[in-house]
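Raw contents of entry.cif, mmCIF, C-alpha atoms:
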data_target
loop_
_atom_site.label_atom_id
_atom_site.label_comp_id
_atom_site.auth_asym_id
_atom_site.auth_seq_id
_atom_site.Cartn_x
_atom_site.Cartn_y
_atom_site.Cartn_z
CA MET A 1 81.34 88.96 137.06
CA THR A 2 82.80 92.14 135.64
CA LEU A 3 84.73 91.95 132.37
CA THR A 4 86.44 94.63 130.35
CA ILE A 5 85.60 93.90 126.71
CA ASN A 6 87.14 96.10 124.05
CA GLY A 7 87.77 98.71 126.69
CA GLU A 8 84.17 98.71 128.00
CA THR A 9 83.35 97.43 131.46
CA ARG A 10 80.38 95.06 131.39
CA ASP A 11 78.71 92.75 133.90
CA PHE A 12 77.82 89.16 133.06
CA THR A 13 76.36 86.23 134.92
CA GLY A 14 75.67 82.63 134.06
CA PHE A 15 78.57 81.40 132.00
CA SER A 16 82.14 80.46 132.60
CA HIS A 17 83.92 79.95 129.29
CA LEU A 18 84.81 82.09 126.33
CA ALA A 19 82.60 80.32 123.77
CA ALA A 20 79.51 81.27 125.80
CA LEU A 21 80.66 84.88 126.01
CA VAL A 22 81.20 85.15 122.25
CA GLU A 23 77.77 83.67 121.67
CA ALA A 24 76.14 85.96 124.24
CA LEU A 25 77.63 88.96 122.44
CA GLY A 26 75.98 87.80 119.20
CA LEU A 27 79.27 87.27 117.37
CA ASP A 28 80.15 84.61 114.82
CA PRO A 29 83.26 82.93 116.25
CA ARG A 30 84.50 82.16 112.72
CA LYS A 31 84.84 85.88 111.98
CA VAL A 32 86.62 87.17 115.07
CA ALA A 33 89.81 86.73 117.01
CA VAL A 34 89.97 86.94 120.79
CA GLU A 35 92.61 87.99 123.25
CA ARG A 36 92.19 87.27 126.96
CA ASN A 37 94.47 89.20 129.28
CA LEU A 38 96.82 89.87 126.37
CA GLU A 39 97.01 86.18 125.42
CA ILE A 40 95.55 85.06 122.09
CA VAL A 41 92.94 82.36 122.47
CA PRO A 42 92.84 79.96 119.50
CA ARG A 43 89.33 79.50 118.14
CA SER A 44 89.50 75.80 118.93
CA ALA A 45 90.06 76.60 122.61
CA TYR A 46 87.07 78.88 123.27
CA HIS A 47 85.16 76.16 125.11
CA ALA A 48 88.15 75.21 127.18
CA THR A 49 89.06 78.78 128.10
CA PRO A 50 87.59 79.90 131.42
CA ILE A 51 86.69 83.51 131.99
CA ALA A 52 86.85 85.11 135.38
CA ASP A 53 85.99 88.34 137.12
CA GLY A 54 88.34 91.12 136.06
CA ASP A 55 89.39 89.56 132.78
CA ARG A 56 90.30 91.93 129.98
CA ILE A 57 88.99 90.64 126.67
CA GLU A 58 89.68 92.02 123.21
CA ILE A 59 87.54 90.84 120.32
CA VAL A 60 88.64 91.97 116.88
CA HIS A 61 87.82 91.35 113.25
CA PHE A 62 88.96 92.38 109.80
CA ILE A 63 87.72 95.69 108.46
CA GLY A 64 88.60 97.70 105.37
CA GLY A 65 92.11 99.12 105.29
CA GLY A 66 94.94 100.00 102.96
CA MET B 1 92.91 76.69 76.56
CA ASP B 2 93.12 75.15 73.10
CA GLY B 3 96.25 74.53 71.06
CA ALA B 4 95.79 77.71 69.03
CA GLN B 5 97.12 79.98 71.76
CA THR B 6 99.81 82.30 70.42
CA PRO B 7 103.33 82.25 71.87
CA ALA B 8 102.81 85.81 73.07
CA GLY B 9 99.61 84.77 74.81
CA ALA B 10 101.39 81.85 76.42
CA ALA B 11 104.15 84.14 77.70
CA LEU B 12 101.55 86.49 79.13
CA ALA B 13 99.79 83.65 80.92
CA GLU B 14 103.04 82.60 82.57
CA ASP B 15 103.98 86.07 83.78
CA THR B 16 103.46 85.47 87.47
CA TRP B 17 105.20 86.81 90.53
CA THR B 18 105.96 85.13 93.80
CA VAL B 19 106.13 86.46 97.34
CA ALA B 20 106.99 84.30 100.33
CA GLY B 21 106.47 81.16 98.26
CA ARG B 22 103.00 82.14 97.03
CA THR B 23 102.52 82.81 93.33
CA PHE B 24 100.09 85.34 91.89
CA ARG B 25 99.02 86.43 88.42
CA SER B 26 97.60 89.82 89.28
CA ARG B 27 100.17 92.50 89.97
CA LEU B 28 97.65 94.87 91.50
CA ILE B 29 97.03 94.66 95.23
CA VAL B 30 94.14 96.77 96.43
CA GLY B 31 93.22 98.17 99.80
CA THR B 32 89.76 97.84 101.26
CA GLY B 33 89.43 101.19 103.03
CA LYS B 34 87.49 104.37 102.25
CA TYR B 35 84.78 102.80 100.05
CA LYS B 36 81.15 103.87 100.25
CA ASP B 37 80.29 100.40 101.48
CA TYR B 38 81.62 96.85 101.41
CA ALA B 39 79.59 96.00 98.30
CA GLN B 40 81.33 98.73 96.29
CA ASN B 41 84.59 97.62 97.83
CA ALA B 42 84.09 94.03 96.64
CA ALA B 43 83.04 95.19 93.16
CA ALA B 44 86.18 97.36 92.88
CA ALA B 45 88.45 94.51 93.95
CA GLU B 46 86.84 92.30 91.30
CA ALA B 47 87.14 94.99 88.63
CA ALA B 48 90.81 95.46 89.54
CA GLY B 49 91.39 91.76 88.99
CA ALA B 50 93.11 91.71 92.36
CA GLU B 51 94.10 88.47 94.05
CA ILE B 52 95.42 90.11 97.21
CA VAL B 53 93.60 92.70 99.31
CA THR B 54 94.94 94.51 102.32
CA VAL B 55 92.78 94.52 105.43
CA ALA B 56 92.95 96.15 108.84
CA LEU B 57 92.17 94.66 112.23
CA ARG B 58 89.95 96.51 114.67
CA ARG B 59 87.69 95.90 117.64
CA VAL B 60 84.24 94.55 116.81
CA ASN B 61 81.33 96.86 117.48
CA LEU B 62 79.73 95.25 120.52
CA SER B 63 76.73 97.56 120.48
CA ASP B 64 75.71 96.34 117.00
CA PRO B 65 77.12 92.90 116.23
CA SER B 66 74.78 92.57 113.24
CA GLN B 67 76.39 95.38 111.23
CA PRO B 68 77.95 94.35 107.87
CA MET B 69 81.31 92.61 108.06
CA LEU B 70 84.06 92.86 105.47
CA VAL B 71 84.43 89.09 105.14
CA ASP B 72 80.78 88.80 104.06
CA TYR B 73 81.55 90.88 100.95
CA VAL B 74 85.25 90.63 100.24
CA LYS B 75 85.53 86.93 100.83
CA PRO B 76 88.69 85.29 102.14
CA ASP B 77 88.18 82.30 99.85
CA ARG B 78 88.24 84.62 96.83
CA PHE B 79 91.03 86.99 97.85
CA THR B 80 94.25 86.50 99.77
CA PHE B 81 93.96 88.74 102.81
CA LEU B 82 97.04 90.77 103.62
CA PRO B 83 96.51 92.07 107.17
CA ASN B 84 98.20 95.38 107.88
CA THR B 85 99.43 97.12 111.01
CA ALA B 86 97.91 100.50 110.21
CA GLY B 87 97.65 102.57 113.35
CA CYS B 88 100.61 100.86 115.03
CA PHE B 89 103.45 103.08 116.16
CA THR B 90 105.67 100.48 117.84
CA GLY B 91 106.98 97.04 117.05
CA GLU B 92 105.11 95.54 120.00
CA GLU B 93 101.79 96.96 118.77
CA ALA B 94 102.48 95.54 115.32
CA VAL B 95 103.27 92.09 116.70
CA ARG B 96 100.13 92.07 118.86
CA THR B 97 97.94 93.17 115.95
CA LEU B 98 99.33 90.60 113.53
CA ARG B 99 99.14 87.76 116.04
CA LEU B 100 95.43 88.52 116.31
CA ALA B 101 95.16 88.78 112.53
CA ARG B 102 96.79 85.40 112.15
CA GLU B 103 94.20 83.96 114.51
CA ALA B 104 91.37 85.74 112.70
CA GLY B 105 92.54 84.64 109.27
CA GLY B 106 94.98 81.82 109.84
CA TRP B 107 97.62 83.51 107.75
CA ASP B 108 101.26 84.49 108.19
CA LEU B 109 101.72 86.76 105.13
CA VAL B 110 101.36 90.29 106.47
CA LYS B 111 101.99 93.93 105.66
CA LEU B 112 104.04 95.84 108.19
CA GLU B 113 103.59 99.57 108.44
CA VAL B 114 104.87 101.47 111.42
CA LEU B 115 103.95 105.08 110.95
CA SER B 116 105.37 108.19 112.50
CA ASP B 117 103.67 111.53 112.06
CA THR B 118 99.93 111.41 111.35
CA LYS B 119 100.30 114.45 109.08
CA HIS B 120 102.38 112.70 106.43
CA LEU B 121 102.01 109.04 107.52
CA LEU B 122 105.53 108.29 106.39
CA PRO B 123 107.01 105.24 108.08
CA ASP B 124 109.29 105.36 111.10
CA MET B 125 112.05 103.28 109.55
CA GLU B 126 114.04 102.65 112.72
CA GLU B 127 110.95 101.22 114.43
CA THR B 128 109.86 99.45 111.22
CA LEU B 129 113.16 97.58 111.08
CA ARG B 130 112.87 96.61 114.75
CA ALA B 131 109.26 95.45 114.26
CA LEU B 132 110.28 93.44 111.20
CA LYS B 133 112.83 91.51 113.24
CA LEU B 134 110.24 90.83 115.96
CA LEU B 135 107.71 89.58 113.40
CA ILE B 136 110.20 87.34 111.63
CA SER B 137 111.12 85.77 114.96
CA GLU B 138 107.39 85.03 115.37
CA GLY B 139 107.28 83.21 112.03
CA PHE B 140 105.59 85.90 109.93
CA GLN B 141 106.31 86.54 106.24
CA VAL B 142 106.49 90.29 106.14
CA MET B 143 105.89 92.69 103.27
CA VAL B 144 107.26 96.00 104.50
CA TYR B 145 105.94 99.48 103.81
CA CYS B 146 108.96 101.78 103.78
CA THR B 147 110.42 105.04 102.60
CA ASP B 148 112.09 105.15 99.20
CA ASP B 149 115.51 105.13 100.86
CA PRO B 150 117.69 102.45 99.21
CA VAL B 151 119.86 102.19 102.34
CA TYR B 152 116.97 101.27 104.62
CA ALA B 153 115.45 99.08 101.90
CA LYS B 154 118.67 97.04 101.96
CA LYS B 155 118.55 96.76 105.74
CA LEU B 156 114.97 95.46 105.53
CA GLU B 157 115.93 92.93 102.90
CA ASP B 158 118.93 91.77 104.90
CA ALA B 159 116.68 91.35 107.95
CA GLY B 160 114.46 88.98 105.96
CA ALA B 161 111.61 91.05 104.52
CA ALA B 162 109.45 89.08 102.06
CA ALA B 163 108.86 92.21 99.98
CA ILE B 164 110.05 95.81 99.98
CA MET B 165 107.22 98.30 99.51
CA PRO B 166 108.37 101.90 99.23
CA ALA B 167 105.89 104.75 99.22
CA ALA B 168 105.69 106.64 95.94
CA ALA B 169 104.28 109.59 97.87
CA PRO B 170 102.44 109.98 101.22
CA ILE B 171 99.52 107.59 101.81
CA GLY B 172 96.31 108.88 100.26
CA SER B 173 98.03 111.90 98.67
CA GLY B 174 97.62 110.71 95.08
CA ARG B 175 100.74 112.59 94.07
CA GLY B 176 102.33 109.80 92.07
CA ILE B 177 105.96 108.75 91.96
CA GLN B 178 108.07 111.46 93.53
CA ASN B 179 111.47 109.83 93.30
CA ALA B 180 111.80 107.48 90.36
CA LEU B 181 115.58 107.49 90.78
CA ASN B 182 115.43 106.07 94.31
CA LEU B 183 112.79 103.54 93.29
CA GLY B 184 115.01 102.44 90.44
CA LEU B 185 117.96 102.01 92.81
CA ILE B 186 115.83 99.94 95.19
CA ILE B 187 114.51 97.77 92.36
CA GLU B 188 118.01 97.21 91.02
CA GLN B 189 119.52 96.14 94.33
CA THR B 190 116.65 94.07 95.75
CA LYS B 191 116.23 90.33 95.26
CA VAL B 192 112.77 90.01 96.86
CA PRO B 193 109.76 91.66 95.20
CA VAL B 194 109.58 95.46 95.22
CA LEU B 195 106.11 97.01 95.17
CA VAL B 196 105.09 100.62 95.12
CA ASP B 197 102.77 101.02 98.08
CA ALA B 198 101.00 104.34 98.62
CA GLY B 199 100.89 107.58 96.71
CA VAL B 200 99.52 106.39 93.38
CA GLY B 201 96.87 108.83 92.14
CA THR B 202 95.90 107.74 88.67
CA ALA B 203 96.60 105.11 86.04
CA SER B 204 99.75 106.71 84.63
CA ASP B 205 101.38 106.52 88.09
CA ALA B 206 100.80 102.76 88.15
CA VAL B 207 102.20 102.45 84.65
CA ILE B 208 105.39 104.28 85.66
CA ALA B 209 105.82 102.08 88.73
CA MET B 210 105.59 98.96 86.60
CA GLU B 211 107.81 100.38 83.84
CA LEU B 212 110.47 101.01 86.48
CA GLY B 213 110.38 97.27 87.18
CA CYS B 214 108.21 96.91 90.26
CA GLU B 215 106.79 93.42 90.71
CA ALA B 216 103.40 94.84 91.65
CA VAL B 217 101.60 97.95 92.87
CA LEU B 218 99.52 98.38 96.00
CA MET B 219 96.89 101.10 96.12
CA ASN B 220 93.72 102.07 97.94
CA THR B 221 92.70 105.71 97.74
CA ALA B 222 93.44 106.05 94.01
CA ILE B 223 90.54 103.66 93.42
CA ALA B 224 88.30 104.32 96.42
CA GLY B 225 88.66 108.10 96.04
CA ALA B 226 87.89 108.22 92.31
CA GLN B 227 84.56 109.62 91.14
CA ASP B 228 83.76 106.17 89.76
CA PRO B 229 85.79 103.66 91.79
CA ILE B 230 84.77 100.61 89.74
CA ARG B 231 85.84 102.25 86.50
CA MET B 232 89.12 103.40 88.06
CA ALA B 233 89.72 99.86 89.31
CA THR B 234 89.42 98.67 85.71
CA ALA B 235 91.76 101.46 84.57
CA MET B 236 94.33 100.42 87.18
CA LYS B 237 94.12 96.81 86.11
CA HIS B 238 94.96 97.80 82.54
CA ALA B 239 97.62 100.28 83.70
CA VAL B 240 99.49 97.65 85.68
CA ILE B 241 99.34 95.23 82.76
CA ALA B 242 100.46 97.95 80.33
CA GLY B 243 103.38 99.01 82.52
CA ARG B 244 104.46 95.43 83.08
CA GLU B 245 104.30 94.59 79.38
CA ALA B 246 106.26 97.75 78.49
CA PHE B 247 108.90 96.80 81.08
CA LEU B 248 109.19 93.30 79.63
CA ALA B 249 109.20 94.62 76.06
CA GLY B 250 112.05 97.04 76.75
CA ARG B 251 111.45 100.60 75.69
CA MET B 252 113.18 102.28 72.75
CA PRO B 253 116.09 104.58 73.53
CA LYS B 254 115.33 108.27 73.93
CA ARG B 255 116.87 110.51 71.28
CA MET B 256 117.58 114.18 71.06
CA TYR B 257 116.22 114.54 67.52
CA ALA B 258 113.50 113.08 65.32
CA ASP B 259 113.87 109.82 63.45
CA PRO B 260 111.35 109.47 60.60
CA SER B 261 109.03 106.49 60.69
CA SER B 262 108.45 106.65 56.91
CA PRO B 263 111.46 106.00 54.64
CA LEU B 264 112.93 109.09 53.02
CA SER B 265 114.11 107.09 49.98
CA GLY B 266 111.84 106.47 46.97
CA LEU B 267 110.04 109.78 47.32
CA ILE B 268 108.23 110.91 44.13
#

This structure in structure tokens:
Amino acid sequence: MTLTINGETRDFTGFSHLAALVEALGLDPRKVAVERNLEIVPRSAYHATPIADGDRIEIVHFIGGG
Amino acid sequence: MDGAQTPAGAALAEDTWTVAGRTFRSRLIVGTGKYKDYAQNAAAAEAAGAEIVTVALRRVNLSDPSQPMLVDYVKPDRFTFLPNTAGCFTGEEAVRTLRLAREAGGWDLVKLEVLSDTKHLLPDMEETLRALKLLISEGFQVMVYCTDDPVYAKKLEDAGAAAIMPAAAPIGSGRGIQNALNLGLIIEQTKVPVLVDAGVGTASDAVIAMELGCEAVLMNTAIAGAQDPIRMATAMKHAVIAGREAFLAGRMPKRMYADPSSPLSGLI
């Protein structure tokens, strides 16, 4: 399964929902927000959100800014 | 507090300001960019006495997910996060960014900035007004970075801005208040809070902003870019308080000639 995450193309196997992807990337789900194919995914819905080949995922967080 | 508090002290304690239904005591909002590290950033925000900090939203670094995160230092349970739209040049980009910020922080109070030219970073007001309307239709409470043009400030207020935040000077320039007359006109005509956002360079600039009658001041580089950011954060805290108190006190009239402070009668 090929996903585009934050503009990078990456291959994954072995999981089918967003919660597993966030965990596999080593991210704390409480500190990020996720967009799948331009749709925001609420944190409560990560387990229920399937991911599929070709999905475009954006994972963002707060950084310093003015 | 015990019963011995002075009336003046009591008045000071009650001098709060409210934006979008949320009430704050500190009138100094600080940015979280350009610090040496997040630890210094957090220390500066504490020294400033800030209750609100602006934050930006960016992609996580997938190659190193263990790198320090802002929220581990500047904690959302200690400070009200005000997500910004820095780097957005269209209304659609701003809406997308702030939808994600709302999901990341569960918050609808936001700072809109739609910039134009990267050389001066002054806002594109036509696009800012359009973005504001989009965000309001999405349920956001929007504090709007804008030029010091009273005409556009009125349009933003009429469109439902939660706060009007004119630049004193270009972002990060530290040049202080360039058009006190326009700021005064905006403050006079506006019913929602007016904050100076951007351009403050040192404590006296913050004092002037508050003496003009701003509800609060927002700054980043003036603190982060100082030789000693923590000390400058403390200076800014005092400056904002001093300017606010002077505004409330009402300054003496200016005169052309001297007026002796010691009586001239009874001289030996």

Top pick for closest residue to Asp55 in chain A, considering A:Gly7, A:Gly14, A:Pro29, A:Pro42 and counting only C-alpha atoms
A:Gly7

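Rounded to one decimal, CA of Ile208 in chain B and CA of Glu188 in chain B lie 15.4 Å from each other.
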
As JSON, please: the centre and edge lengths in Å, to one decimal, of an axis-aligned box enclosing every listed atom of range 83-94 of chain B with 8 Å added on each side.
{"center_x": 101.7, "center_y": 97.6, "center_z": 113.6, "size_x": 26.5, "size_y": 27.0, "size_z": 28.8}

Please evaluate the PyMOL selection byres ((chain A) within 12 of (chain B)) against the structure above and give the resulting residues as a ChimeraX atom specification.
/A:4-10,21-36,38-45,57-66

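When the PyMOL selection byres ((chain B and resi 159) around 10) is run on the displayed coordinates, the residues it returns are Leu129, Arg130, Leu132, Lys133, Ile136, Ala153, Lys154, Lys155, Leu156, Glu157, Asp158, Gly160, Ala161 and Ala162 of chain B.
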
Go ahead and save the picked residues with C-alpha atoms, as an mmCIF file, in the coordinates of the input.
data_model
loop_
_atom_site.group_PDB
_atom_site.id
_atom_site.type_symbol
_atom_site.label_atom_id
_atom_site.label_comp_id
_atom_site.auth_asym_id
_atom_site.auth_seq_id
_atom_site.Cartn_x
_atom_site.Cartn_y
_atom_site.Cartn_z
ATOM 1 C CA LEU B 129 113.160 97.580 111.080
ATOM 2 C CA ARG B 130 112.870 96.610 114.750
ATOM 3 C CA LEU B 132 110.280 93.440 111.200
ATOM 4 C CA LYS B 133 112.830 91.510 113.240
ATOM 5 C CA ILE B 136 110.200 87.340 111.630
ATOM 6 C CA ALA B 153 115.450 99.080 101.900
ATOM 7 C CA LYS B 154 118.670 97.040 101.960
ATOM 8 C CA LYS B 155 118.550 96.760 105.740
ATOM 9 C CA LEU B 156 114.970 95.460 105.530
ATOM 10 C CA GLU B 157 115.930 92.930 102.900
ATOM 11 C CA ASP B 158 118.930 91.770 104.900
ATOM 12 C CA GLY B 160 114.460 88.980 105.960
ATOM 13 C CA ALA B 161 111.610 91.050 104.520
ATOM 14 C CA ALA B 162 109.450 89.080 102.060
#

Which residues would end up in the selection if the PyMOL selection byres ((chain B and resi 227-241) around 9) were applied here, given that I need the answer as a count of residues only?
37

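The nearest approach to Glu93 in chain B among the residues B:Glu113, B:Thr118, B:Ile52, B:Leu212, with all atoms listed in the file taken into account, belongs to B:Glu113.
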
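CA of Gln67 in chain B is found 26.7 Å from CA of Ser16 in chain A.
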